[in-house]
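Only one structure is covered here, and it is reproduced in the block below.
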Amino acid sequence: MAEIRKIEPAVPHIARRKKVAAYARVSRDTKRLMHSISAQVSYYSDLIQKNPEWEYAGVYADSGISGTGKEKRSEFQRMLADCELGKINIILTKSISRFARNTVDLLETVRHLKELGIEVRFEKEHINSLSEDGELMLSLLASFAQEESRSISDNCKWGIRKRFESGEIGTANKHILGYRYDEEQRKYIIIPEEAVIVRRMFELYIDGVTLQEICDDLNNRGWRTINDCLFQESSLMSMIRNEVYAGDTLRQKSYMADPITKNKVKNKGEFPKYYMPDTHEAIIDRETWAKVQEEIARRESLLNPTYCFTRKIRCGICGMHYTRKISKIKGKKFVHWICRSKKEPGVTCASINFSESELKHICSKILGTDTFSEDEFNRSVLEMVVLENGSIEFHMIGGEKKVWHNLRINESRHIPTVTDCFKGKLVCGDCGLEYHRVISTDKWVYWYCIGKKRKEISCTNRNYADYQLRNISAWILGLSEFDETEFNKQIEKITVQSDGNLLYHFYDGRTSLWER
């Protein structure tokens with residue numbers, strides 16, 4: 001009998017629909033851009049719902065928020081959270097710059113979504129994040145987007161500074177204690193009931209009342225800050241320093257150092273500041289204002305005496321500032337500047353110390369002055385960084401960098417170099433005789449004037465260690481380390497002057513002086 005087989009009806013396989021969402025963003029909350037984001041939301045909602053293979057998972061939209069960071073984009077964060085919960089398989093977005101302008105954030109986010117099996121499609125660039133070349137293209141294009149963001153930021157800063165230069169005031173704070181900013185009049189208007197508080201704090205400070213006592217007085221009267229908080233010493237000090245209360249405006253006190261991180265830093269001279277007097281009605285008269293500023297300076301000088309190098313010198317090894325140290329040896333006073341970390345228990349730092357007189361001499365050389373001028377120093381130098389090798393990097397106001405090179409001629413240990421090319425080229429400027437080399441028993445190699453050994457001549461000119469001459473010569477020749485061949489090619493002789501300075505004579509007729 002023939003075998004009978006039962007053939008079951010085939011059940012068609014129905015692919016599960018992909019859960020698709022979209023992300024939109026505009027950086028400014030303006031009428032035109034708000035219309036743009038509404039259009040994007042409508043477009044993506046319609047696009048997703050018309051596709052039979054897709055399941056609508058929503059459109060996430062941030063408005064008035066920069067794309068350089070992801071922390072403040074609430075809708076973006078909500079979308080990522082829904083991705084973690086498995087609510088989304090595909091994300092549609094207009095372009096890379098809408099998704100993120102920060103290359104690091106973009107790649108981190110896309111890679112994480114890739115690990116979750118979630119695809120991101122960038123419409124303008126035609127990039128699919130799950131494709132083989134997707135990440136390479138994303139990395140390149142995101143870098144362009146990030147640089148575009150920097151360029152836009154620089155252009156905005158340029159425009160703001162031009163407005164400052166033309167006298168446009170504007171304001172960063174629409175409401176500070178005692179004032180509100182009137183947009184039509186474009187200036188601060190006094191709020192009488194708050195101005196009473198401001199006048200009270202200035203009066204008490206002139207009378208010698210401490211900051212904490214002033215805070216207590218204001219708080220006990222039921223007065224509060226504009227944020228409805230109790231008065232604190234730090235905020236009170238900022239207020240009595242604020243030139244706004246004298247009727248003036250100072251712009252660009254701070255600036256955005258990086259448009260990507262959005263970090264604001266204090267302007268210490270990197271950019272010009274714009275002081276605009278009499279821009280609005282003053283709460284505090286000029287005389288009172290001046291007295292308060294003088295009192296602030298007086299109190300600070302009693303609490304923390306400052307010197308010309310205070311907070312100007314930073315250690316390039318540990319990052320700490322240098323501090324002033326006074327020592328007395330056999331009744332004689334010595335003033336040095338050392339890295340502050342050397343005073344901290346359990347902390348060591350190999351940074352170089354400097355005497356105060358040595359620092360002043362170095363600064364005068366860098367500034368091109370005969371003697372050290374504190375006023376010129378403060379006008380010119382933003383910061384000094386002591387590098388690991390003992391050289392000092394000067395950060396000048398205006399952005400220029402200058403370097404004083406430590407030639408390491410005063411090493412605590414002797415370096416036993418033996419150099420032949422100095423023979424016959426090192427001449428005493430006092431007696432005219434040549435310098436000779438001595439190698440002592442402890443391998444201490446130095447050069448001295450032969451006149452010191454002759455009875456008929458009394459020469460007291462300075463000796464030089466061999467390694468010192470090598471370091472100085474390398475610096476004169478513009479080399480990172482001494483080269484004997486280059487020395488012989490260029491240097492005819494070296495004259496050791498009576499003050500210990502070295503005058504280099506080149507074969508081409510030039511001379512160059514190294515000063516001790």
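Labeling convention for the structure tokens: chains A, B, ... as they appear, residues from 1 per chain, ligands from 1 in order of appearance.
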
Contacts of Val292 of chain A within 10 Å, only C-alpha atoms, excl. fewer than 5 positions in-chain, as a list in words: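 Once the nearby chain positions are removed, what remains is Phe202, Glu203, Leu204, Tyr205, Ile206, Asp207, Gly208, Ile240, Arg241, Arg286, Glu287, Ala297 and Arg298 of chain A.
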
Residue neighbourhood Leu116 of chain A, 10 Å, only C-alpha atoms, exclusion window fewer than 5 positions, as a list in words: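 Once the nearby chain positions are removed, what remains is Cys83, Glu84, Gly86, Ile88, Asn89, Val110 and Arg111 of chain A.
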
Which of segment 195-355 of chain A fall in alpha helix (DSSP H), as number ranges by chain: A: 195-206, 211-220, 233-241, 286-303

Near-Ala282 of chain A list (6 Å; only C-alpha atoms; drop same-chain fewer than 6 positions) as a PyMOL selection string: chain A and resi 245-247

Nearby residues (only C-alpha atoms) at most 7 Å from Leu387 of chain A, same-chain spacing under 6 positions excluded, as a compact mmCIF listing (two decimals) with C-alpha atoms, in the first residue's frame:
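Printed below is around.txt as written:
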```txt
# COMPACT_ATOMS: atom_id res chain seq x y z
CA CYS A 315 55.87 74.62 39.42
CA GLY A 316 55.91 72.75 36.12
CA ILE A 317 56.39 69.43 37.94
```
